[in-house]
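Participant: Below you'll find query-v1.tsv; it's TSV, C-alpha atoms.
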```
chain	number	residue	atom	x	y	z
F	1271	MET	CA	0.00	0.00	0.00
F	1272	LEU	CA	2.80	2.41	0.84
F	1273	ALA	CA	4.32	2.03	-2.63
F	1274	ALA	CA	1.09	3.04	-4.41
F	1275	ASP	CA	0.23	6.64	-5.36
F	1276	SER	CA	-3.48	5.79	-5.50
F	1277	LEU	CA	-5.73	3.34	-3.74
F	1278	VAL	CA	-9.17	2.26	-4.91
F	1279	LEU	CA	-11.06	0.06	-2.47
F	1280	ALA	CA	-13.71	-2.08	-4.14
F	1281	GLY	CA	-16.33	-4.18	-2.42
F	1282	PRO	CA	-19.93	-5.26	-2.16
F	1283	ILE	CA	-22.85	-3.96	-0.15
F	1284	TRP	CA	-23.83	-6.35	2.65
F	1285	LEU	CA	-27.01	-5.64	4.58
F	1286	GLY	CA	-26.95	-2.02	3.41
F	1287	ASP	CA	-23.37	-1.42	4.53
F	1288	ASN	CA	-19.78	-2.22	3.60
F	1289	SER	CA	-18.86	-5.87	3.85
F	1290	PRO	CA	-16.90	-7.19	6.83
F	1291	VAL	CA	-13.91	-7.71	4.53
F	1292	MET	CA	-13.99	-4.04	3.48
F	1293	LYS	CA	-14.19	-2.99	7.11
F	1294	ARG	CA	-11.21	-5.22	7.92
F	1295	VAL	CA	-9.16	-3.66	5.11
F	1296	ILE	CA	-9.90	-0.19	6.49
F	1297	GLU	CA	-9.03	-1.38	10.01
F	1298	ARG	CA	-5.69	-2.75	8.75
F	1299	LEU	CA	-4.94	0.58	7.06
F	1300	TYR	CA	-5.80	2.34	10.31
F	1301	ALA	CA	-3.51	-0.02	12.23
F	1302	CYS	CA	-0.62	1.60	10.32
F	1303	SER	CA	-1.61	5.13	11.33
F	1304	HIS	CA	1.42	5.32	13.61
F	1305	LEU	CA	3.74	5.14	10.59
F	1306	LEU	CA	5.17	8.40	9.28
F	1307	ASN	CA	6.56	9.38	5.88
F	1308	GLU	CA	9.98	10.98	5.31
F	1309	SER	CA	8.48	14.43	6.07
F	1310	GLY	CA	7.16	13.35	9.47
F	1311	GLN	CA	3.53	13.26	8.26
F	1312	TYR	CA	1.19	10.31	8.48
F	1313	ALA	CA	2.32	7.62	6.05
F	1314	TYR	CA	-0.61	7.89	3.63
F	1315	TYR	CA	-0.15	11.63	2.97
F	1316	GLY	CA	0.53	12.40	-0.68
F	1317	ARG	CA	-1.68	9.61	-1.98
F	1318	VAL	CA	-5.18	9.68	-3.43
F	1319	GLY	CA	-8.07	7.36	-2.68
F	1320	GLY	CA	-11.37	6.27	-4.19
F	1321	CYS	CA	-13.86	3.41	-4.08
F	1322	LEU	CA	-16.04	1.14	-6.21
F	1323	ILE	CA	-19.18	-0.38	-4.72
F	1324	THR	CA	-21.36	-3.16	-6.14
F	1325	GLY	CA	-24.31	-5.19	-4.97
F	1326	ASN	CA	-27.98	-5.90	-5.42
F	1327	GLU	CA	-29.42	-3.47	-2.90
F	1328	ASP	CA	-29.29	0.27	-2.40
F	1329	GLY	CA	-26.49	1.80	-0.37
F	1330	ILE	CA	-23.74	2.81	-2.78
F	1331	LYS	CA	-23.54	6.38	-1.46
F	1332	HIS	CA	-23.67	5.27	2.16
F	1333	CYS	CA	-20.85	2.77	1.63
F	1334	ALA	CA	-18.78	5.24	-0.42
F	1335	MET	CA	-19.24	7.94	2.23
F	1336	ASN	CA	-17.85	5.66	4.93
F	1337	ILE	CA	-14.88	4.51	2.84
F	1338	LEU	CA	-13.94	7.98	1.58
F	1339	TYR	CA	-14.20	9.47	5.07
F	1340	SER	CA	-12.00	6.69	6.43
F	1341	LEU	CA	-9.39	7.17	3.71
F	1342	GLN	CA	-9.16	10.94	4.19
F	1343	HIS	CA	-8.93	10.47	7.95
F	1344	LEU	CA	-5.85	8.31	7.34
F	1345	GLY	CA	-4.24	10.98	5.14
F	1346	TYR	CA	-5.39	10.09	1.62
F	1347	THR	CA	-6.53	12.97	-0.57
F	1348	ILE	CA	-10.03	12.49	-2.00
F	1349	THR	CA	-10.76	13.89	-5.45
F	1350	PRO	CA	-14.10	15.04	-6.83
F	1351	GLN	CA	-16.14	12.08	-8.12
F	1352	ALA	CA	-13.99	9.67	-6.09
F	1353	ASP	CA	-16.58	6.90	-6.10
F	1354	ALA	CA	-18.48	4.77	-8.56
F	1355	GLY	CA	-20.85	1.88	-8.20
F	1356	TRP	CA	-23.30	-0.53	-9.74
F	1357	ILE	CA	-26.30	-2.22	-8.21
F	1358	GLY	CA	-28.59	-4.68	-9.86
F	1359	PRO	CA	-32.27	-5.14	-9.06
F	1360	ALA	CA	-33.12	-5.41	-5.37
F	1361	GLY	CA	-32.99	-8.91	-3.95
F	1362	PRO	CA	-31.12	-11.97	-5.18
F	1363	GLY	CA	-29.89	-11.61	-8.71
F	1364	PRO	CA	-26.86	-11.49	-10.98
F	1365	SER	CA	-23.58	-9.90	-9.99
F	1366	TYR	CA	-21.89	-7.19	-12.06
F	1367	LEU	CA	-20.06	-9.52	-14.47
F	1368	ASP	CA	-22.74	-12.21	-14.69
F	1369	PRO	CA	-24.28	-12.70	-18.14
F	1370	GLY	CA	-27.38	-10.58	-18.53
F	1371	SER	CA	-26.62	-8.35	-15.53
F	1372	GLY	CA	-26.17	-5.24	-17.65
F	1373	GLY	CA	-23.33	-4.20	-15.35
F	1374	PRO	CA	-20.52	-3.75	-17.88
F	1375	ASP	CA	-22.89	-1.88	-20.23
F	1376	ASN	CA	-24.29	0.53	-17.64
F	1377	ASP	CA	-23.56	4.07	-18.88
F	1378	PHE	CA	-23.93	5.64	-15.42
F	1379	THR	CA	-21.42	3.24	-13.87
F	1380	ASN	CA	-19.00	3.50	-16.78
F	1381	ARG	CA	-19.15	7.32	-16.78
F	1382	ASN	CA	-18.57	7.60	-13.02
F	1383	THR	CA	-15.77	5.04	-13.12
F	1384	THR	CA	-14.11	7.02	-15.92
F	1385	PHE	CA	-14.48	10.31	-14.01
F	1386	MET	CA	-13.06	8.73	-10.85
F	1387	THR	CA	-10.12	7.17	-12.69
F	1388	TRP	CA	-9.26	10.42	-14.49
F	1389	ASN	CA	-9.47	12.51	-11.32
F	1390	LEU	CA	-7.43	10.04	-9.27
F	1391	LEU	CA	-4.69	9.81	-11.90
F	1392	HIS	CA	-4.61	13.58	-12.38
F	1393	LEU	CA	-4.47	14.50	-8.69
F	1394	ALA	CA	-1.94	11.74	-7.91
F	1395	ARG	CA	0.34	13.23	-10.59
F	1396	VAL	CA	-0.17	16.78	-9.29
F	1397	ILE	CA	0.68	15.74	-5.72
F	1398	LYS	CA	3.67	13.65	-6.80
F	1399	ASP	CA	5.06	16.45	-9.00
F	1400	ALA	CA	4.66	18.90	-6.08
F	1401	GLY	CA	6.71	16.63	-3.82
F	1402	GLY	CA	3.69	15.61	-1.71
F	1403	ILE	CA	1.54	17.61	0.66
F	1404	PRO	CA	3.60	20.45	2.18
F	1405	ALA	CA	4.66	19.35	5.65
F	1406	HIS	CA	4.64	22.70	7.46
F	1407	GLY	CA	1.68	22.70	9.81
F	1408	ASN	CA	0.96	18.97	9.80
F	1409	GLN	CA	4.02	17.38	11.34
F	1410	ARG	CA	3.46	15.52	14.58
F	1411	SER	CA	6.90	16.53	15.85
F	1412	GLU	CA	5.89	20.20	15.85
F	1413	TRP	CA	2.84	19.51	18.01
F	1414	GLU	CA	4.66	17.13	20.29
F	1415	ALA	CA	7.23	19.83	21.02
F	1416	GLY	CA	4.44	21.98	22.48
F	1417	CYS	CA	4.40	24.51	19.65
F	1418	ARG	CA	0.83	24.79	18.41
F	1419	PHE	CA	1.03	28.12	16.61
F	1420	ASP	CA	3.73	30.67	15.88
F	1421	TYR	CA	1.44	33.61	16.75
F	1422	ASP	CA	-0.56	34.72	19.76
F	1423	ASN	CA	-4.12	33.48	19.76
F	1424	PRO	CA	-6.36	35.89	21.70
F	1425	ASP	CA	-9.13	33.27	21.83
F	1426	TYR	CA	-6.92	30.58	23.37
F	1427	ARG	CA	-8.45	29.42	26.63
```
Reformat the file's structure so that it appears as structure tokens.
Facilitator:
Amino acid sequence: MLAADSLVLAGPIWLGDNSPVMKRVIERLYACSHLLNESGQYAYYGRVGGCLITGNEDGIKHCAMNILYSLQHLGYTITPQADAGWIGPAGPGPSYLDPGSGGPDNDFTNRNTTFMTWNLLHLARVIKDAGGIPAHGNQRSEWEAGCRFDYDNPDYR
């Protein structure tokens, strides 16, 4: 994960939520939140994240919201249109790639997947070319040293 400039988490909807496997992946990413990059920032800074959701019940936006929030909390940068999804008819039915599902031919899904891919690739390149997210102001070492701000804050209580 640390070698990748972008991360797209893909998984199904289970009971209206992310699957247990998806939740475990996010938990494993979070378990590495103590790691820092060469600038002293959280290890996932300077990377972009997105998600793909599939299933046969509603909940794409709910699942995407949870994943994208989790990724940004860990330090990933989230682009516009950072999610895409496909759901078949409610109830038991074909999966995305099953014959007759209509998944691969769904214009809405294909458009959003294209937008997400373009935005992730573009922003990953912008961040990489800029040398990452500037470290001033988000280095743990600066906070640990007791220096919160370099100016007087009249509202500090």
Participant: Hey, can you check how far atom CA of Leu1322 of chain F sits from atom CA of Asn1336 of chain F?
Facilitator: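 Separation of atom CA of Leu1322 of chain F and atom CA of Asn1336 of chain F: 12.2 Å.
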Participant: Extract, using all atoms listed in the file, all DNA, RNA and protein residues at most 8 Å from Gly1325 of chain F, discarding same-chain residues fewer than 2 positions from it, and format them as a ChimeraX atom specification.
Facilitator: /F:1282-1284,1323,1327-1328,1356-1358,1365-1366
Participant: For Gly1329 of chain F, list every protein, DNA or RNA residue within 8 Å, evaluated using all atoms listed in the file, and leave out those in the same chain fewer than 4 positions away; present the list as a ChimeraX atom specification.
Facilitator: /F:1283,1286-1287,1333
Participant: Can I get the selection written as a PDB file, in the frame of the given file, with C-alpha atoms?
Facilitator:
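To be explicit, this is the file written out as result_34.pdb:
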```pdb
ATOM      1  CA  ILE F1283     -22.850  -3.960  -0.150  1.00  0.00           C
ATOM      2  CA  GLY F1286     -26.950  -2.020   3.410  1.00  0.00           C
ATOM      3  CA  ASP F1287     -23.370  -1.420   4.530  1.00  0.00           C
ATOM      4  CA  CYS F1333     -20.850   2.770   1.630  1.00  0.00           C
TER       5      CYS F1333
END
```
Participant: In the coordinates of the file, take the point (1.9, 0.7, 3.7) and a cut-off of 9 Å; then, counting all atoms listed in the file, name each qualifying protein, DNA or RNA residue as a PDB file with C-alpha atoms, in the coordinates of the input.
Facilitator:
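What follows is the written file out32.pdb:
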```pdb
ATOM      1  CA  MET F1271       0.000   0.000   0.000  1.00  0.00           C
ATOM      2  CA  LEU F1272       2.800   2.410   0.840  1.00  0.00           C
ATOM      3  CA  ALA F1273       4.320   2.030  -2.630  1.00  0.00           C
ATOM      4  CA  ALA F1274       1.090   3.040  -4.410  1.00  0.00           C
ATOM      5  CA  LEU F1299      -4.940   0.580   7.060  1.00  0.00           C
ATOM      6  CA  CYS F1302      -0.620   1.600  10.320  1.00  0.00           C
ATOM      7  CA  LEU F1305       3.740   5.140  10.590  1.00  0.00           C
ATOM      8  CA  ALA F1313       2.320   7.620   6.050  1.00  0.00           C
ATOM      9  CA  TYR F1314      -0.610   7.890   3.630  1.00  0.00           C
TER      10      TYR F1314
END
```
Participant: Provide the atom CA of Ala1400 of chain F to atom CA of Gly1316 of chain F distance in Å, to one decimal place.
Facilitator: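 Distance reported for this atom pair: 9.4 Å.
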Participant: Could you please determine the separation between atom CA of Cys1321 of chain F and atom CA of Leu1367 of chain F in Å, to one decimal place?
Facilitator: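 Interatomic distance here is 17.7 Å.
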Participant: Excluding segment 1390-1398 of chain F and any residue of its chain fewer than 6 positions from it, enumerate the residues within 10 Å of it, using all atoms listed in the file, and give them as a PDB file with C-alpha atoms, keeping the file's coordinate frame.
Facilitator:
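Contents of selection-v3.pdb, freshly written:
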```pdb
ATOM      1  CA  ALA F1274       1.090   3.040  -4.410  1.00  0.00           C
ATOM      2  CA  ASP F1275       0.230   6.640  -5.360  1.00  0.00           C
ATOM      3  CA  SER F1276      -3.480   5.790  -5.500  1.00  0.00           C
ATOM      4  CA  LEU F1277      -5.730   3.340  -3.740  1.00  0.00           C
ATOM      5  CA  VAL F1278      -9.170   2.260  -4.910  1.00  0.00           C
ATOM      6  CA  TYR F1315      -0.150  11.630   2.970  1.00  0.00           C
ATOM      7  CA  GLY F1316       0.530  12.400  -0.680  1.00  0.00           C
ATOM      8  CA  ARG F1317      -1.680   9.610  -1.980  1.00  0.00           C
ATOM      9  CA  VAL F1318      -5.180   9.680  -3.430  1.00  0.00           C
ATOM     10  CA  GLY F1319      -8.070   7.360  -2.680  1.00  0.00           C
ATOM     11  CA  GLY F1320     -11.370   6.270  -4.190  1.00  0.00           C
ATOM     12  CA  THR F1347      -6.530  12.970  -0.570  1.00  0.00           C
ATOM     13  CA  ILE F1348     -10.030  12.490  -2.000  1.00  0.00           C
ATOM     14  CA  THR F1349     -10.760  13.890  -5.450  1.00  0.00           C
ATOM     15  CA  PRO F1350     -14.100  15.040  -6.830  1.00  0.00           C
ATOM     16  CA  GLN F1351     -16.140  12.080  -8.120  1.00  0.00           C
ATOM     17  CA  ALA F1352     -13.990   9.670  -6.090  1.00  0.00           C
ATOM     18  CA  THR F1384     -14.110   7.020 -15.920  1.00  0.00           C
ATOM     19  CA  PRO F1404       3.600  20.450   2.180  1.00  0.00           C
TER      20      PRO F1404
END
```
Participant: Could you pull the residues within 8 Å of Gly1355 of chain F, counting all atoms listed in the file, minus those fewer than 4 positions along the same chain, as a ChimeraX atom specification?
Facilitator: /F:1322-1324,1330,1379,1382-1383
Participant: Given the choices F:Asn1376, F:Ile1296, F:Gly1361, F:Gln1409, which gets closest to His1343 of chain F if the distance is worked out from only C-alpha atoms?
Facilitator: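 Answer, going by the shortest atom-to-atom distance: F:Ile1296.
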Participant: Hey, can I get the axis-aligned box for segment 1334-1352 of chain F? All listed atoms, 4 Å padding on each side, centre and edge lengths in Å to one decimal, as AutoDock Vina command-line options.
Facilitator:
```
--center_x -11.7 --center_y 9.8 --center_z -0.1 --size_x 23.0 --size_y 18.5 --size_z 24.1
```
Participant: Given the choices F:Met1335, F:Val1291, F:Leu1306, F:Ala1360, which gets closest to Ala1405 of chain F if the distance is worked out from all atoms listed in the file?
Facilitator: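 Using all atoms listed in the file, Ala1405 of chain F sits closest to F:Leu1306.
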Participant: Given all atoms listed in the file as the basis, pick out the residue of F:Asn1389, F:Leu1279, F:Asp1399, F:Ser1411 nearest to Leu1338 of chain F.
Facilitator: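 Of F:Asn1389, F:Leu1279, F:Asp1399, F:Ser1411, the one nearest Leu1338 of chain F, counting all atoms listed in the file, is F:Leu1279.
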Participant: Nearest to Lys1293 of chain F among F:Ser1371, F:Ser1309, F:Leu1341, F:Phe1385, with distances taken over all atoms listed in the file: which residue is it?
Facilitator: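 Smallest distance to Lys1293 of chain F is found for F:Leu1341.
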Participant: Calculated over all atoms listed in the file, which of the candidates F:Met1386, F:Ser1340, F:Gly1372, F:Ala1280 has the smallest distance to Asp1353 of chain F?
Facilitator: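 Looking at the shortest contact to Asp1353 of chain F, the residue is F:Met1386.
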Participant: When distances are computed from all atoms listed in the file, which of F:Gly1363, F:Asp1368, F:Asn1288, F:Ser1303 shows the smallest separation from Lys1331 of chain F?
Facilitator: F:Asn1288
